[in-house]
>>> print(open('start09.cif').read())   # mmCIF, C-alpha atoms
data_data
loop_
_atom_site.group_PDB
_atom_site.id
_atom_site.type_symbol
_atom_site.label_atom_id
_atom_site.label_comp_id
_atom_site.auth_asym_id
_atom_site.auth_seq_id
_atom_site.Cartn_x
_atom_site.Cartn_y
_atom_site.Cartn_z
ATOM 1 C CA MET A 1 14.378 11.398 71.201
ATOM 2 C CA TYR A 2 12.946 12.311 74.578
ATOM 3 C CA SER A 3 10.024 14.592 75.309
ATOM 4 C CA LEU A 4 10.209 17.773 77.381
ATOM 5 C CA THR A 5 7.028 18.075 79.421
ATOM 6 C CA ASP A 6 7.959 19.701 82.725
ATOM 7 C CA ALA A 7 10.010 22.657 83.862
ATOM 8 C CA GLY A 8 10.916 24.297 87.115
ATOM 9 C CA GLY A 9 13.372 26.484 88.849
ATOM 10 C CA LEU A 10 14.412 28.666 91.696
ATOM 11 C CA LEU A 11 12.854 31.702 89.993
ATOM 12 C CA LYS A 12 9.174 32.253 89.208
ATOM 13 C CA ASP A 13 7.605 30.839 86.036
ATOM 14 C CA PRO A 14 8.832 32.972 83.124
ATOM 15 C CA GLY A 15 5.642 32.187 81.181
ATOM 16 C CA THR A 16 6.435 28.696 79.902
ATOM 17 C CA LYS A 17 3.683 26.541 78.415
ATOM 18 C CA LEU A 18 5.181 23.557 80.268
ATOM 19 C CA SER A 19 4.045 22.508 83.729
ATOM 20 C CA TYR A 20 6.308 24.585 86.020
ATOM 21 C CA ASP A 21 7.480 23.701 89.546
ATOM 22 C CA HIS A 22 8.766 26.792 91.347
ATOM 23 C CA GLY A 23 10.599 26.154 94.593
ATOM 24 C CA SER A 24 13.608 26.510 96.818
ATOM 25 C CA GLY A 25 14.678 22.912 96.101
ATOM 26 C CA PHE A 26 16.433 24.055 92.920
ATOM 27 C CA VAL A 27 19.621 25.024 94.744
ATOM 28 C CA SER A 28 22.968 23.381 94.199
ATOM 29 C CA PRO A 29 25.568 24.031 96.870
ATOM 30 C CA GLY A 30 29.224 23.793 96.094
ATOM 31 C CA THR A 31 31.289 24.499 93.042
ATOM 32 C CA GLY A 32 31.484 23.359 89.438
ATOM 33 C CA PHE A 33 34.229 21.516 87.568
ATOM 34 C CA GLU A 34 36.446 24.600 87.390
ATOM 35 C CA GLY A 35 35.712 25.829 90.910
ATOM 36 C CA GLU A 36 32.969 28.238 89.837
ATOM 37 C CA PRO A 37 30.088 28.741 92.282
ATOM 38 C CA LEU A 38 26.889 26.932 91.315
ATOM 39 C CA ALA A 39 24.605 29.611 92.760
ATOM 40 C CA GLY A 40 21.968 30.431 90.150
ATOM 41 C CA SER A 41 22.739 27.358 88.046
ATOM 42 C CA PHE A 42 19.184 26.079 88.392
ATOM 43 C CA ASP A 43 17.203 29.307 88.157
ATOM 44 C CA TYR A 44 15.360 27.579 85.280
ATOM 45 C CA VAL A 45 15.436 23.896 84.288
ATOM 46 C CA ILE A 46 13.625 21.661 81.815
ATOM 47 C CA ALA A 47 13.186 17.987 82.652
ATOM 48 C CA ILE A 48 14.209 15.559 79.920
ATOM 49 C CA ASN A 49 11.893 12.552 80.002
ATOM 50 C CA TYR A 50 14.567 9.883 80.168
ATOM 51 C CA ASN A 51 13.702 7.253 82.798
ATOM 52 C CA ARG A 52 11.288 9.593 84.567
ATOM 53 C CA GLN A 53 7.553 9.924 84.961
ATOM 54 C CA PRO A 54 6.241 12.807 82.797
ATOM 55 C CA GLY A 55 4.059 15.209 84.760
ATOM 56 C CA THR A 56 6.229 15.116 87.883
ATOM 57 C CA SER A 57 8.510 17.830 89.197
ATOM 58 C CA PRO A 58 12.066 17.907 87.819
ATOM 59 C CA LEU A 59 13.081 17.414 91.483
ATOM 60 C CA THR A 60 11.206 14.109 91.801
ATOM 61 C CA GLY A 61 13.505 11.098 92.095
ATOM 62 C CA PRO A 62 14.879 8.662 91.738
ATOM 63 C CA ALA A 63 17.685 9.663 89.412
ATOM 64 C CA PRO A 64 17.785 7.854 86.072
ATOM 65 C CA SER A 65 19.552 4.510 86.113
ATOM 66 C CA ALA A 66 22.232 3.551 83.643
ATOM 67 C CA PRO A 67 20.981 1.445 80.743
ATOM 68 C CA ARG A 68 22.763 -1.867 80.326
ATOM 69 C CA ALA A 69 24.269 -2.745 76.970
ATOM 70 C CA ALA A 70 23.549 -6.174 75.523
ATOM 71 C CA ALA A 71 26.226 -8.745 76.174
ATOM 72 C CA ALA A 72 28.609 -9.186 73.270
ATOM 73 C CA SER A 73 31.182 -11.954 73.044
ATOM 74 C CA GLY A 74 30.567 -12.926 76.645
ATOM 75 C CA SER A 75 31.330 -9.464 78.005
ATOM 76 C CA THR A 76 28.994 -6.815 79.325
ATOM 77 C CA SER A 77 29.353 -3.104 79.474
ATOM 78 C CA THR A 78 27.383 -0.302 81.023
ATOM 79 C CA THR A 79 27.094 3.324 80.171
ATOM 80 C CA ALA A 80 27.161 6.066 82.736
ATOM 81 C CA ALA A 81 23.821 7.356 83.927
ATOM 82 C CA PRO A 82 22.858 10.621 82.271
ATOM 83 C CA PRO A 83 22.702 13.622 84.589
ATOM 84 C CA THR A 84 19.448 14.332 86.367
ATOM 85 C CA ALA A 85 17.164 16.925 84.899
ATOM 86 C CA ALA A 86 18.304 19.605 87.267
ATOM 87 C CA SER A 87 22.003 19.010 86.733
ATOM 88 C CA ALA A 88 21.526 18.738 82.978
ATOM 89 C CA SER A 89 20.157 22.249 82.679
ATOM 90 C CA PRO A 90 22.750 24.874 83.500
ATOM 91 C CA ARG A 91 21.745 28.503 83.518
ATOM 92 C CA THR A 92 22.122 30.361 80.247
ATOM 93 C CA THR A 93 22.678 34.069 79.882
#
>>> encode(input="start09.cif", output="structure tokens")
Amino acid sequence: MYSLTDAGGLLKDPGTKLSYDHGSGFVSPGTGFEGEPLAGSFDYVIAINYNRQPGTSPLTGPAPSAPRAAAASGSTSTTAAPPTAASASPRTT
């Protein structure tokens, strides 16, 4: 489990009890997986405290690093890094 201690977004604080970082940095240019525009995707985000310092803006880097699996039978494997807080929080309607 990971704690949720900080929020932010392109839009003003909706009244969350979490620390809220409002700013223009919550913009994602480009398109999504199916070509949809990403405008408005980060109107509101919640930072998941995985490899991040609680109490910092969801925009604060660096991005989480991939955890390394323990070596088994002489081989190693890695898992993909989870998405950053901002990219992990798509807009809901």
>>> residues_around(input="start09.cif", residues="Pro29 of chain A", least_positions_apart="2", cutoff="9 Å", atoms="only C-alpha atoms", output="PyMOL selection string")
chain A and resi 27+31+37-39
>>> residues_around(input="start09.cif", residues="segment 10-14 of chain A", least_positions_apart="4", cutoff="9 Å", atoms="only C-alpha atoms", output="list in words")
Tyr20, Asp21, His22, Gly23, Ser24, Gly25, Phe26, Val27, Gly40, Phe42, Asp43, Tyr44 and Val45 of chain A
>>> atom_distance(input="start09.cif", atom1="atom CA of Asn51 of chain A", atom2="atom CA of Leu18 of chain A")
18.6 Å
>>> atom_distance(input="start09.cif", atom1="atom CA of Ser3 of chain A", atom2="atom CA of Asn49 of chain A")
5.4 Å
>>> closest_residue(input="start09.cif", among="A:Ser19, A:Leu59, A:Pro54, A:Gly9", to="Ser41 of chain A", atoms="only C-alpha atoms")
A:Gly9
>>> decode(input="start09.cif", residues="segment 6-20 of chain A", atoms="N, CA, C and O atoms", output="short mmCIF file (atom, residue, chain, number, x, y, z; two decimals), in the first residue's frame")
data_model
loop_
_atom_site.label_atom_id
_atom_site.label_comp_id
_atom_site.auth_asym_id
_atom_site.auth_seq_id
_atom_site.Cartn_x
_atom_site.Cartn_y
_atom_site.Cartn_z
N ASP A 6 -0.57 14.20 -1.23
CA ASP A 6 -0.48 15.46 -1.96
C ASP A 6 -1.31 15.39 -3.22
O ASP A 6 -1.43 14.34 -3.85
N ALA A 7 -1.87 16.52 -3.59
CA ALA A 7 -2.68 16.61 -4.79
C ALA A 7 -2.29 17.88 -5.55
O ALA A 7 -1.53 18.71 -5.06
N GLY A 8 -2.83 18.01 -6.72
CA GLY A 8 -2.55 19.20 -7.51
C GLY A 8 -3.37 19.18 -8.77
O GLY A 8 -4.17 18.27 -9.00
N GLY A 9 -3.16 20.17 -9.59
CA GLY A 9 -3.85 20.19 -10.85
C GLY A 9 -3.83 21.53 -11.53
O GLY A 9 -3.41 22.54 -10.97
N LEU A 10 -4.30 21.49 -12.75
CA LEU A 10 -4.40 22.69 -13.57
C LEU A 10 -5.50 23.61 -13.03
O LEU A 10 -5.39 24.83 -13.11
N LEU A 11 -6.55 23.02 -12.47
CA LEU A 11 -7.66 23.80 -11.94
C LEU A 11 -7.46 24.09 -10.45
O LEU A 11 -6.67 23.44 -9.78
N LYS A 12 -8.20 25.06 -9.95
CA LYS A 12 -8.08 25.46 -8.54
C LYS A 12 -8.48 24.32 -7.61
O LYS A 12 -9.25 23.43 -7.98
N ASP A 13 -7.98 24.37 -6.39
CA ASP A 13 -8.28 23.38 -5.35
C ASP A 13 -9.79 23.21 -5.22
O ASP A 13 -10.51 24.17 -4.95
N PRO A 14 -10.28 21.98 -5.38
CA PRO A 14 -11.72 21.75 -5.28
C PRO A 14 -12.19 21.62 -3.83
O PRO A 14 -13.37 21.36 -3.59
N GLY A 15 -11.28 21.79 -2.87
CA GLY A 15 -11.64 21.69 -1.47
C GLY A 15 -11.08 20.44 -0.82
O GLY A 15 -11.57 19.99 0.21
N THR A 16 -10.02 19.88 -1.40
CA THR A 16 -9.40 18.68 -0.85
C THR A 16 -8.77 18.95 0.51
O THR A 16 -8.36 20.07 0.80
N LYS A 17 -8.68 17.92 1.33
CA LYS A 17 -7.97 18.04 2.61
C LYS A 17 -6.48 17.77 2.43
O LYS A 17 -5.70 17.99 3.34
N LEU A 18 -6.08 17.32 1.24
CA LEU A 18 -4.67 17.08 0.94
C LEU A 18 -3.99 18.40 0.61
O LEU A 18 -4.64 19.36 0.17
N SER A 19 -2.67 18.45 0.79
CA SER A 19 -1.89 19.58 0.32
C SER A 19 -2.11 19.68 -1.18
O SER A 19 -2.04 18.67 -1.90
N TYR A 20 -2.41 20.86 -1.72
CA TYR A 20 -2.79 21.00 -3.12
C TYR A 20 -1.87 21.99 -3.83
O TYR A 20 -1.68 23.12 -3.38
#
